[in-house]
>>> print(open('model.pdb').read())   # PDB, C-alpha atoms
ATOM      1  CA  MET A  82      16.370  20.873   6.322
ATOM      2  CA  ARG A  83      18.072  18.776   9.005
ATOM      3  CA  TYR A  84      15.713  16.460  10.891
ATOM      4  CA  PRO A  85      16.349  16.983  14.654
ATOM      5  CA  LEU A  86      16.842  13.266  15.404
ATOM      6  CA  TYR A  87      19.053  12.550  12.387
ATOM      7  CA  ASN A  88      22.565  12.877  13.802
ATOM      8  CA  ILE A  89      25.393  10.612  14.906
ATOM      9  CA  SER A  90      24.786  11.097  18.645
ATOM     10  CA  VAL A  91      21.187   9.918  18.364
ATOM     11  CA  PHE A  92      22.276   6.955  16.213
ATOM     12  CA  LYS A  93      24.897   5.818  18.733
ATOM     13  CA  ILE A  94      22.515   6.170  21.682
ATOM     14  CA  GLY A  95      19.714   4.466  19.756
ATOM     15  CA  TYR A  96      21.985   1.590  18.764
ATOM     16  CA  LEU A  97      22.910   0.970  22.397
ATOM     17  CA  ALA A  98      19.344   1.353  23.655
ATOM     18  CA  ALA A  99      18.020  -1.123  21.057
ATOM     19  CA  GLN A 100      20.095  -3.864  22.655
ATOM     20  CA  LEU A 101      18.889  -3.096  26.188
ATOM     21  CA  ILE A 102      15.292  -1.849  26.008
ATOM     22  CA  PRO A 103      12.293  -4.024  25.015
ATOM     23  CA  ARG A 104      10.821  -2.940  21.686
ATOM     24  CA  PRO A 105       7.401  -1.780  23.033
ATOM     25  CA  ILE A 106       9.119   0.604  25.446
ATOM     26  CA  ALA A 107      11.559   1.751  22.771
ATOM     27  CA  GLN A 108       8.667   2.464  20.417
ATOM     28  CA  TRP A 109       6.916   4.549  23.087
ATOM     29  CA  ILE A 110      10.096   6.536  23.704
ATOM     30  CA  ALA A 111      10.598   7.034  19.955
ATOM     31  CA  GLY A 112       7.058   8.357  19.596
ATOM     32  CA  TYR A 113       7.733  10.865  22.364
ATOM     33  CA  PHE A 114      10.850  12.118  20.545
ATOM     34  CA  GLY A 115       8.806  12.384  17.346
ATOM     35  CA  ASP A 116       6.349  14.655  19.140
ATOM     36  CA  TRP A 117       9.263  16.697  20.519
ATOM     37  CA  SER A 118      10.700  17.103  17.003
ATOM     38  CA  VAL A 119       7.416  18.515  15.682
ATOM     39  CA  TRP A 120       7.133  20.891  18.641
ATOM     40  CA  ARG A 121      10.760  22.006  18.349
ATOM     41  CA  SER A 122      11.039  22.603  14.594
ATOM     42  CA  GLU A 123       8.775  25.110  12.869
ATOM     43  CA  GLU A 124      10.633  24.319   9.642
ATOM     44  CA  LEU A 125       9.748  20.626   9.951
ATOM     45  CA  ARG A 126       6.077  21.488  10.439
ATOM     46  CA  ARG A 127       6.110  23.872   7.478
ATOM     47  CA  VAL A 128       7.999  21.678   4.994
ATOM     48  CA  MET A 129       6.234  18.423   5.784
ATOM     49  CA  GLY A 130       2.898  20.170   6.041
ATOM     50  CA  GLU A 131       3.270  21.520   2.502
ATOM     51  CA  ASN A 132       4.413  18.167   1.091
ATOM     52  CA  LEU A 133       1.523  16.313   2.696
ATOM     53  CA  ARG A 134      -1.021  18.998   1.791
ATOM     54  CA  ILE A 135      -0.159  18.568  -1.886
ATOM     55  CA  ALA A 136      -0.064  14.764  -1.695
ATOM     56  CA  THR A 137      -3.329  14.339   0.233
ATOM     57  CA  GLY A 138      -5.348  17.551  -0.092
ATOM     58  CA  ARG A 139      -5.699  17.750   3.697
ATOM     59  CA  THR A 140      -5.684  21.112   5.466
ATOM     60  CA  GLY A 141      -6.134  22.587   8.924
ATOM     61  CA  PRO A 142      -6.241  20.323  12.016
ATOM     62  CA  GLU A 143      -6.442  17.194   9.853
ATOM     63  CA  LEU A 144      -3.179  18.112   8.135
ATOM     64  CA  ALA A 145      -1.509  19.030  11.445
ATOM     65  CA  GLN A 146      -2.453  15.621  12.851
ATOM     66  CA  LEU A 147      -1.070  13.881   9.760
ATOM     67  CA  VAL A 148       2.255  15.717  10.152
ATOM     68  CA  LEU A 149       2.413  14.605  13.791
ATOM     69  CA  ASP A 150       1.529  10.994  12.894
ATOM     70  CA  ASN A 151       4.134  11.057  10.143
ATOM     71  CA  VAL A 152       6.992  12.254  12.340
ATOM     72  CA  ARG A 153       6.026   9.798  15.075
ATOM     73  CA  SER A 154       6.155   7.010  12.484
ATOM     74  CA  PHE A 155       9.593   8.141  11.335
ATOM     75  CA  ALA A 156      10.941   8.170  14.884
ATOM     76  CA  ARG A 157       9.559   4.681  15.489
ATOM     77  CA  MET A 158      11.034   3.504  12.198
ATOM     78  CA  LEU A 159      14.415   4.780  13.388
ATOM     79  CA  GLY A 160      13.911   2.844  16.614
ATOM     80  CA  ASP A 161      13.390  -0.338  14.601
ATOM     81  CA  TYR A 162      16.401   0.511  12.447
ATOM     82  CA  PHE A 163      18.564   0.441  15.560
ATOM     83  CA  ILE A 164      17.230  -3.050  16.331
ATOM     84  CA  CYS A 165      18.185  -4.150  12.822
ATOM     85  CA  ALA A 166      21.625  -2.539  13.079
ATOM     86  CA  SER A 167      22.405  -4.190  16.412
ATOM     87  CA  ASN A 168      24.407  -7.353  16.996
ATOM     88  CA  HIS A 169      21.204  -9.398  16.879
ATOM     89  CA  THR A 170      20.222  -8.946  13.237
ATOM     90  CA  GLU A 171      17.968 -12.008  13.242
ATOM     91  CA  ARG A 172      15.543  -9.935  15.320
ATOM     92  CA  ALA A 173      14.736  -8.146  12.061
ATOM     93  CA  ARG A 174      12.832 -11.207  10.861
ATOM     94  CA  GLU A 175      10.497 -10.848  13.835
ATOM     95  CA  LEU A 176       9.461  -7.403  12.625
ATOM     96  CA  VAL A 177       8.159  -8.583   9.229
ATOM     97  CA  THR A 178       5.012 -10.707   9.262
ATOM     98  CA  LYS A 179       4.228 -10.640   5.536
ATOM     99  CA  TRP A 180       6.329 -10.683   2.381
ATOM    100  CA  ASN A 181       4.458 -10.496  -0.913
ATOM    101  CA  GLY A 182       5.829 -10.448  -4.445
ATOM    102  CA  ILE A 183       9.152 -12.176  -3.824
ATOM    103  CA  GLU A 184       8.505 -13.998  -7.101
ATOM    104  CA  HIS A 185       9.084 -10.736  -8.978
ATOM    105  CA  LEU A 186      12.570 -10.475  -7.523
ATOM    106  CA  GLU A 187      13.277 -14.135  -8.246
ATOM    107  CA  ALA A 188      12.099 -13.783 -11.847
ATOM    108  CA  SER A 189      14.361 -10.793 -12.347
ATOM    109  CA  ARG A 190      17.393 -12.580 -10.954
ATOM    110  CA  ALA A 191      16.652 -15.600 -13.148
ATOM    111  CA  ARG A 192      17.067 -13.416 -16.241
ATOM    112  CA  GLY A 193      20.726 -12.991 -15.340
ATOM    113  CA  LYS A 194      20.960  -9.294 -16.269
ATOM    114  CA  GLY A 195      20.871  -7.810 -12.808
ATOM    115  CA  THR A 196      18.104  -6.284 -10.741
ATOM    116  CA  ILE A 197      17.599  -2.616  -9.894
ATOM    117  CA  LEU A 198      15.589  -2.636  -6.681
ATOM    118  CA  ILE A 199      14.047   0.803  -6.344
ATOM    119  CA  THR A 200      12.404   2.291  -3.309
ATOM    120  CA  GLY A 201      11.834   5.713  -1.809
ATOM    121  CA  HIS A 202      11.534   7.550   1.469
ATOM    122  CA  LEU A 203       8.441   5.509   2.250
ATOM    123  CA  GLY A 204       8.247   2.942   5.033
ATOM    124  CA  HIS A 205      11.328   1.163   6.389
ATOM    125  CA  TRP A 206      13.640   0.980   3.362
ATOM    126  CA  GLU A 207      16.689  -0.185   5.351
ATOM    127  CA  LEU A 208      14.819  -3.207   6.699
ATOM    128  CA  GLY A 209      14.169  -4.516   3.186
ATOM    129  CA  GLY A 210      17.873  -4.571   2.364
ATOM    130  CA  LEU A 211      18.679  -6.362   5.597
ATOM    131  CA  LEU A 212      16.093  -9.077   4.957
ATOM    132  CA  LEU A 213      17.593  -9.772   1.547
ATOM    133  CA  ALA A 214      21.103  -9.851   2.987
ATOM    134  CA  LEU A 215      19.981 -12.354   5.645
ATOM    135  CA  ASP A 216      18.689 -14.538   2.794
ATOM    136  CA  LYS A 217      22.139 -14.338   1.133
ATOM    137  CA  VAL A 218      20.982 -12.160  -1.754
ATOM    138  CA  PRO A 219      24.029 -10.216  -3.048
ATOM    139  CA  ILE A 220      22.761  -6.707  -2.431
ATOM    140  CA  THR A 221      24.543  -3.409  -2.984
ATOM    141  CA  VAL A 222      23.027  -0.156  -1.752
ATOM    142  CA  VAL A 223      23.502   3.148  -3.566
ATOM    143  CA  THR A 224      23.637   5.922  -0.998
ATOM    144  CA  LEU A 225      23.816   9.705  -0.954
ATOM    145  CA  PRO A 226      26.184  11.494   1.435
ATOM    146  CA  GLU A 227      24.918  11.734   5.005
ATOM    147  CA  PRO A 228      24.826  15.112   6.820
ATOM    148  CA  THR A 229      28.268  14.384   8.349
ATOM    149  CA  ASN A 230      31.215  12.166   7.438
ATOM    150  CA  GLU A 231      31.027  10.477  10.830
ATOM    151  CA  LEU A 232      27.418   9.443  10.275
ATOM    152  CA  MET A 233      28.275   8.304   6.732
ATOM    153  CA  GLN A 234      31.089   6.086   8.015
ATOM    154  CA  TRP A 235      28.914   4.698  10.821
ATOM    155  CA  ARG A 236      26.146   3.688   8.439
ATOM    156  CA  GLU A 237      28.551   2.183   5.898
ATOM    157  CA  ALA A 238      30.236   0.120   8.631
ATOM    158  CA  THR A 239      26.836  -1.082   9.862
ATOM    159  CA  ARG A 240      25.772  -2.170   6.382
ATOM    160  CA  ARG A 241      29.107  -3.891   5.771
ATOM    161  CA  ARG A 242      28.765  -5.872   8.999
ATOM    162  CA  LEU A 243      25.320  -6.985   7.846
ATOM    163  CA  GLY A 244      26.715  -8.170   4.501
ATOM    164  CA  ILE A 245      25.478  -5.211   2.439
ATOM    165  CA  LYS A 246      27.850  -3.457   0.073
ATOM    166  CA  THR A 247      27.650   0.310  -0.447
ATOM    167  CA  ILE A 248      28.254   2.553  -3.448
ATOM    168  CA  ALA A 249      28.375   6.222  -2.503
ATOM    169  CA  VAL A 250      27.366   8.802  -5.098
ATOM    170  CA  GLY A 251      27.847  12.529  -5.311
ATOM    171  CA  PRO A 252      30.903  14.806  -5.372
ATOM    172  CA  GLY A 253      34.166  12.875  -5.095
ATOM    173  CA  HIS A 254      32.675   9.587  -6.262
ATOM    174  CA  ASP A 255      33.405   9.815  -9.984
ATOM    175  CA  PHE A 256      33.400   6.067 -10.651
ATOM    176  CA  ALA A 257      30.125   5.253  -8.893
ATOM    177  CA  PHE A 258      28.244   4.683 -12.167
ATOM    178  CA  VAL A 259      30.926   2.227 -13.321
ATOM    179  CA  GLU A 260      30.570   0.308 -10.048
ATOM    180  CA  MET A 261      26.802   0.146 -10.539
ATOM    181  CA  LEU A 262      27.205  -1.224 -14.064
ATOM    182  CA  ARG A 263      29.655  -3.850 -12.793
ATOM    183  CA  THR A 264      27.232  -4.924 -10.056
ATOM    184  CA  LEU A 265      24.383  -5.412 -12.528
ATOM    185  CA  ARG A 266      26.526  -7.207 -15.111
ATOM    186  CA  ASN A 267      27.441  -9.677 -12.365
ATOM    187  CA  ASN A 268      23.692 -10.265 -11.859
ATOM    188  CA  GLY A 269      23.738  -8.499  -8.510
ATOM    189  CA  VAL A 270      20.903  -6.618  -6.856
ATOM    190  CA  LEU A 271      21.406  -2.859  -6.809
ATOM    191  CA  ALA A 272      19.119  -1.050  -4.360
ATOM    192  CA  MET A 273      18.524   2.685  -4.602
ATOM    193  CA  LEU A 274      16.264   5.474  -3.422
ATOM    194  CA  VAL A 275      15.038   7.312  -6.510
ATOM    195  CA  ASP A 276      12.724   9.992  -5.125
ATOM    196  CA  ARG A 277      15.415  12.430  -3.968
ATOM    197  CA  PRO A 278      18.151  12.807  -6.610
ATOM    198  CA  TYR A 279      21.326  14.664  -5.806
ATOM    199  CA  SER A 280      22.103  17.817  -7.773
ATOM    200  CA  GLY A 281      22.153  17.375 -11.539
ATOM    201  CA  THR A 282      20.995  13.739 -11.616
ATOM    202  CA  GLY A 283      17.229  14.164 -11.639
ATOM    203  CA  MET A 284      14.612  15.108 -14.161
ATOM    204  CA  PRO A 285      11.162  16.713 -13.864
ATOM    205  CA  VAL A 286       8.135  14.480 -13.363
ATOM    206  CA  ARG A 287       4.541  15.178 -12.353
ATOM    207  CA  GLN A 288       3.095  14.020  -9.043
ATOM    208  CA  PHE A 289      -0.185  15.139  -7.499
ATOM    209  CA  GLY A 290      -0.511  17.808 -10.171
ATOM    210  CA  HIS A 291       2.857  19.408  -9.338
ATOM    211  CA  ASP A 292       6.395  19.234 -10.674
ATOM    212  CA  THR A 293       9.065  17.387  -8.732
ATOM    213  CA  GLN A 294      12.352  15.629  -9.480
ATOM    214  CA  PHE A 295      13.098  11.901  -9.675
ATOM    215  CA  SER A 296      16.423  10.202 -10.237
ATOM    216  CA  THR A 297      17.228   9.084 -13.777
ATOM    217  CA  ALA A 298      19.717   6.468 -12.520
ATOM    218  CA  ALA A 299      17.443   3.411 -12.551
ATOM    219  CA  ALA A 300      16.077   4.024 -16.048
ATOM    220  CA  THR A 301      19.538   4.856 -17.396
ATOM    221  CA  LEU A 302      21.130   1.751 -15.897
ATOM    222  CA  ALA A 303      18.306  -0.434 -17.201
ATOM    223  CA  HIS A 304      18.832   1.035 -20.669
ATOM    224  CA  HIS A 305      22.543   0.174 -20.641
ATOM    225  CA  THR A 306      22.317  -3.286 -19.051
ATOM    226  CA  GLY A 307      18.861  -4.707 -19.684
ATOM    227  CA  ALA A 308      18.375  -5.078 -15.924
ATOM    228  CA  SER A 309      14.845  -5.216 -14.538
ATOM    229  CA  ILE A 310      13.542  -2.380 -12.356
ATOM    230  CA  VAL A 311      11.675  -3.922  -9.417
ATOM    231  CA  PRO A 312       9.992  -1.554  -6.913
ATOM    232  CA  ALA A 313      10.052  -2.784  -3.305
ATOM    233  CA  PHE A 314       8.788  -1.324  -0.046
ATOM    234  CA  VAL A 315       8.534  -2.309   3.624
ATOM    235  CA  LEU A 316       5.467  -0.714   5.201
ATOM    236  CA  ARG A 317       4.301  -0.572   8.793
ATOM    237  CA  GLN A 318       0.982  -2.267   9.529
ATOM    238  CA  PRO A 319      -1.629  -1.308  12.150
ATOM    239  CA  ASP A 320      -0.153  -3.945  14.501
ATOM    240  CA  ASN A 321       3.195  -2.048  14.377
ATOM    241  CA  LEU A 322       4.913  -4.848  12.484
ATOM    242  CA  TYR A 323       5.863  -4.684   8.820
ATOM    243  CA  HIS A 324       4.708  -5.904   5.431
ATOM    244  CA  ALA A 325       7.454  -6.320   2.817
ATOM    245  CA  MET A 326       6.371  -6.191  -0.813
ATOM    246  CA  ALA A 327       8.023  -6.374  -4.200
ATOM    247  CA  CYS A 328       6.041  -5.137  -7.206
ATOM    248  CA  PRO A 329       6.151  -6.429 -10.780
ATOM    249  CA  ALA A 330       9.051  -5.047 -12.778
ATOM    250  CA  ILE A 331       8.231  -1.651 -14.269
ATOM    251  CA  GLU A 332       8.001  -1.891 -18.032
ATOM    252  CA  GLN A 333      10.600   0.263 -19.750
ATOM    253  CA  THR A 334      10.235   1.648 -23.256
ATOM    254  CA  ARG A 335      13.252   0.656 -25.352
ATOM    255  CA  GLY A 336      14.887   2.898 -27.905
ATOM    256  CA  ASP A 337      16.956   6.046 -27.972
ATOM    257  CA  LEU A 338      17.695   7.049 -24.369
ATOM    258  CA  ARG A 339      17.000  10.717 -25.098
ATOM    259  CA  GLU A 340      13.457   9.836 -26.178
ATOM    260  CA  THR A 341      12.623   7.088 -23.683
ATOM    261  CA  LEU A 342      14.127   8.420 -20.456
ATOM    262  CA  ALA A 343      11.352  10.875 -19.541
ATOM    263  CA  PRO A 344       8.402   8.460 -19.936
ATOM    264  CA  ASN A 345      10.303   5.680 -18.174
ATOM    265  CA  VAL A 346      11.088   7.869 -15.160
ATOM    266  CA  GLN A 347       7.478   9.114 -15.099
ATOM    267  CA  ARG A 348       6.238   5.514 -14.801
ATOM    268  CA  ILE A 349       8.329   5.137 -11.664
ATOM    269  CA  ALA A 350       6.991   8.404 -10.229
ATOM    270  CA  ASP A 351       3.391   7.334 -10.935
ATOM    271  CA  LEU A 352       3.787   4.110  -8.958
ATOM    272  CA  PHE A 353       5.328   5.989  -6.043
ATOM    273  CA  ALA A 354       2.473   8.509  -6.015
ATOM    274  CA  GLU A 355      -0.067   5.697  -5.730
ATOM    275  CA  LEU A 356       1.679   4.259  -2.671
ATOM    276  CA  ILE A 357       2.150   7.667  -1.044
ATOM    277  CA  ARG A 358      -1.610   8.273  -1.341
ATOM    278  CA  GLN A 359      -2.208   4.994   0.501
ATOM    279  CA  HIS A 360       0.414   5.566   3.213
ATOM    280  CA  PRO A 361       1.041   9.324   3.684
ATOM    281  CA  GLU A 362       1.900   8.803   7.355
ATOM    282  CA  GLN A 363       4.921   6.762   6.208
ATOM    283  CA  TRP A 364       6.238   9.153   3.556
ATOM    284  CA  PHE A 365       9.406  10.511   5.153
ATOM    285  CA  ASN A 366      10.609  13.071   2.612
ATOM    286  CA  TYR A 367      11.645  15.921   4.899
ATOM    287  CA  VAL A 368      12.740  18.370   2.222
ATOM    288  CA  PRO A 369      10.627  20.636  -0.029
ATOM    289  CA  VAL A 370       9.563  18.245  -2.784
ATOM    290  CA  PHE A 371       7.330  20.178  -5.148
ATOM    291  CA  THR A 372       7.765  23.274  -7.270
ATOM    292  CA  HIS A 373       4.798  25.539  -7.944
TER     293      HIS A 373
END
>>> encode(input="model.pdb", output="structure tokens")
Amino acid sequence: MRYPLYNISVFKIGYLAAQLIPRPIAQWIAGYFGDWSVWRSEELRRVMGENLRIATGRTGPELAQLVLDNVRSFARMLGDYFICASNHTERARELVTKWNGIEHLEASRARGKGTILITGHLGHWELGGLLLALDKVPITVVTLPEPTNELMQWREATRRRLGIKTIAVGPGHDFAFVEMLRTLRNNGVLAMLVDRPYSGTGMPVRQFGHDTQFSTAAATLAHHTGASIVPAFVLRQPDNLYHAMACPAIEQTRGDLRETLAPNVQRIADLFAELIRQHPEQWFNYVPVFTH
């Protein structure tokens, strides 16, 4: 499913507007476009309604309101992304009022074996990478193909200007795994979304009593390199600013990869499920997630 606001024209307009319009007004406008997206797309209402019904147990008007709140939050997150992607990147620091758990990232880097920073389609994942880049942390982002090549190139150029390297995965990127290994063996920080694997790279896990797929990349890379897997999220607060958090490294069972991969990936999925329950209005996974 293609989200109505997720296209290169909107990104270019949003980027320009973020440099001209005060944030409170931009956030109001973004919320309006979120409402328009829900009204315009029956598919969006259906897909996100089913995902959120399974994750929260809500139904009827309560579920419909949650879908609306969710899409509004996504549109406002995009508005803040355009602020971060503008020529005034230091404005990003103004958006984050709390940062907890940075010691977990520091402890991982001190081990010298690389850090796999995992996150998902929850909160403002791009903002976390920018904050680390502003603090001179050598961060490399693993990214799936965007809906169009033009949007892919635009986002890569934006990250590069902010000091963030990119490794693209998927068809045509046969050496991506080698690049990831090299990054970790140089004690770099490799950031990746793990809750929406591209075809053939996921494995079944259980969330909310249903089957879904999570990427095996983080657990596989940790097995080969000894890198720590550190979950990190940037979540919107009631005051419309953000709370950045890094969690303790997820313990990984060592041994034969064929035997340890499934339980290690399930541990990641379990942590994500806990956070989704707490913040369903910020879970922006706009594709069918669960199998029945």
>>> resolve_selection(input="model.pdb", expression="the PyMOL selection byres ((chain A and resi 118) around 12)", output="JSON, numbers by chain")
{"A": [83, 84, 85, 86, 87, 111, 112, 113, 114, 115, 116, 117, 119, 120, 121, 122, 123, 124, 125, 126, 148, 149, 150, 151, 152, 153, 154, 155, 156]}
>>> resolve_selection(input="model.pdb", expression="the PyMOL selection byres ((chain A and resi 274-277) around 12)", output="JSON list (two decimals) with C-alpha atoms, in the frame of the given file")
[["chain", "number", "residue", "atom", "x", "y", "z"],
["A", 197, "ILE", "CA", 17.60, -2.62, -9.89],
["A", 198, "LEU", "CA", 15.59, -2.64, -6.68],
["A", 199, "ILE", "CA", 14.05, 0.80, -6.34],
["A", 200, "THR", "CA", 12.40, 2.29, -3.31],
["A", 201, "GLY", "CA", 11.83, 5.71, -1.81],
["A", 202, "HIS", "CA", 11.53, 7.55, 1.47],
["A", 203, "LEU", "CA", 8.44, 5.51, 2.25],
["A", 204, "GLY", "CA", 8.25, 2.94, 5.03],
["A", 205, "HIS", "CA", 11.33, 1.16, 6.39],
["A", 206, "TRP", "CA", 13.64, 0.98, 3.36],
["A", 207, "GLU", "CA", 16.69, -0.18, 5.35],
["A", 210, "GLY", "CA", 17.87, -4.57, 2.36],
["A", 222, "VAL", "CA", 23.03, -0.16, -1.75],
["A", 223, "VAL", "CA", 23.50, 3.15, -3.57],
["A", 224, "THR", "CA", 23.64, 5.92, -1.00],
["A", 225, "LEU", "CA", 23.82, 9.70, -0.95],
["A", 250, "VAL", "CA", 27.37, 8.80, -5.10],
["A", 271, "LEU", "CA", 21.41, -2.86, -6.81],
["A", 272, "ALA", "CA", 19.12, -1.05, -4.36],
["A", 273, "MET", "CA", 18.52, 2.68, -4.60],
["A", 278, "PRO", "CA", 18.15, 12.81, -6.61],
["A", 279, "TYR", "CA", 21.33, 14.66, -5.81],
["A", 280, "SER", "CA", 22.10, 17.82, -7.77],
["A", 281, "GLY", "CA", 22.15, 17.38, -11.54],
["A", 282, "THR", "CA", 21.00, 13.74, -11.62],
["A", 283, "GLY", "CA", 17.23, 14.16, -11.64],
["A", 284, "MET", "CA", 14.61, 15.11, -14.16],
["A", 285, "PRO", "CA", 11.16, 16.71, -13.86],
["A", 286, "VAL", "CA", 8.14, 14.48, -13.36],
["A", 288, "GLN", "CA", 3.10, 14.02, -9.04],
["A", 293, "THR", "CA", 9.06, 17.39, -8.73],
["A", 294, "GLN", "CA", 12.35, 15.63, -9.48],
["A", 295, "PHE", "CA", 13.10, 11.90, -9.68],
["A", 296, "SER", "CA", 16.42, 10.20, -10.24],
["A", 297, "THR", "CA", 17.23, 9.08, -13.78],
["A", 298, "ALA", "CA", 19.72, 6.47, -12.52],
["A", 299, "ALA", "CA", 17.44, 3.41, -12.55],
["A", 300, "ALA", "CA", 16.08, 4.02, -16.05],
["A", 310, "ILE", "CA", 13.54, -2.38, -12.36],
["A", 312, "PRO", "CA", 9.99, -1.55, -6.91],
["A", 313, "ALA", "CA", 10.05, -2.78, -3.30],
["A", 314, "PHE", "CA", 8.79, -1.32, -0.05],
["A", 346, "VAL", "CA", 11.09, 7.87, -15.16],
["A", 347, "GLN", "CA", 7.48, 9.11, -15.10],
["A", 349, "ILE", "CA", 8.33, 5.14, -11.66],
["A", 350, "ALA", "CA", 6.99, 8.40, -10.23],
["A", 351, "ASP", "CA", 3.39, 7.33, -10.94],
["A", 352, "LEU", "CA", 3.79, 4.11, -8.96],
["A", 353, "PHE", "CA", 5.33, 5.99, -6.04],
["A", 354, "ALA", "CA", 2.47, 8.51, -6.02],
["A", 357, "ILE", "CA", 2.15, 7.67, -1.04],
["A", 364, "TRP", "CA", 6.24, 9.15, 3.56],
["A", 365, "PHE", "CA", 9.41, 10.51, 5.15],
["A", 366, "ASN", "CA", 10.61, 13.07, 2.61],
["A", 367, "TYR", "CA", 11.64, 15.92, 4.90],
["A", 368, "VAL", "CA", 12.74, 18.37, 2.22],
["A", 369, "PRO", "CA", 10.63, 20.64, -0.03],
["A", 370, "VAL", "CA", 9.56, 18.24, -2.78],
["A", 371, "PHE", "CA", 7.33, 20.18, -5.15]]
>>> residues_around(input="model.pdb", residues="Leu322 (chain A)", least_positions_apart="6", cutoff="12 Å", atoms="all atoms listed in the file", output="CSV table (one decimal) with C-alpha atoms, in the coordinates of the input")
chain,number,residue,atom,x,y,z
A,104,ARG,CA,10.8,-2.9,21.7
A,105,PRO,CA,7.4,-1.8,23.0
A,108,GLN,CA,8.7,2.5,20.4
A,154,SER,CA,6.2,7.0,12.5
A,157,ARG,CA,9.6,4.7,15.5
A,158,MET,CA,11.0,3.5,12.2
A,161,ASP,CA,13.4,-0.3,14.6
A,173,ALA,CA,14.7,-8.1,12.1
A,174,ARG,CA,12.8,-11.2,10.9
A,175,GLU,CA,10.5,-10.8,13.8
A,176,LEU,CA,9.5,-7.4,12.6
A,177,VAL,CA,8.2,-8.6,9.2
A,178,THR,CA,5.0,-10.7,9.3
A,179,LYS,CA,4.2,-10.6,5.5
A,180,TRP,CA,6.3,-10.7,2.4
A,204,GLY,CA,8.2,2.9,5.0
A,205,HIS,CA,11.3,1.2,6.4
A,208,LEU,CA,14.8,-3.2,6.7
A,315,VAL,CA,8.5,-2.3,3.6
A,316,LEU,CA,5.5,-0.7,5.2
>>> resolve_selection(input="model.pdb", expression="the PyMOL selection byres ((chain A and resi 219) around 10)", output="VMD selection string")
chain A and resid 210 213 to 218 220 to 221 244 to 246 264 267 to 271
>>> axis_aligned_box(input="model.pdb", around="region 362-368 of chain A", padding_each_side="8 Å", output="lines of an AutoDock Vina configuration file")
center_x = 7.3
center_y = 12.6
center_z = 4.8
size_x = 26.8
size_y = 27.6
size_z = 21.1
>>> atom_distance(input="model.pdb", atom1="CA of Leu147 (chain A)", atom2="CA of His324 (chain A)")
21.1 Å
>>> atom_distance(input="model.pdb", atom1="CA of Arg192 (chain A)", atom2="CA of Arg263 (chain A)")
16.2 Å
>>> atom_distance(input="model.pdb", atom1="CA of Cys328 (chain A)", atom2="CA of Glu237 (chain A)")
27.1 Å
>>> closest_residue(input="model.pdb", among="A:Pro361, A:Glu332, A:Ile102, A:Gly130", to="Arg348 (chain A)", atoms="only C-alpha atoms")
A:Glu332
>>> residues_near_point(input="model.pdb", point="(4.5, -10.2, -5.1)", cutoff="8 Å", atoms="only C-alpha atoms", output="ChimeraX atom specification")
/A:180-185,326-329
>>> closest_residue(input="model.pdb", among="A:Leu133, A:Leu159, A:Val128, A:Ile164", to="Ala99 (chain A)", atoms="all atoms listed in the file")
A:Ile164
>>> closest_residue(input="model.pdb", among="A:Thr196, A:Glu143, A:Ala249, A:Ala188", to="Ser309 (chain A)", atoms="all atoms listed in the file")
A:Thr196
>>> closest_residue(input="model.pdb", among="A:Thr247, A:Gln363, A:Thr306, A:Thr341", to="Tyr323 (chain A)", atoms="only C-alpha atoms")
A:Gln363
>>> closest_residue(input="model.pdb", among="A:Gln146, A:Gly160, A:Ser189, A:Phe256", to="Ile110 (chain A)", atoms="only C-alpha atoms")
A:Gly160
>>> closest_residue(input="model.pdb", among="A:Glu362, A:Pro103, A:Arg266, A:Arg241", to="Pro319 (chain A)", atoms="all atoms listed in the file")
A:Glu362
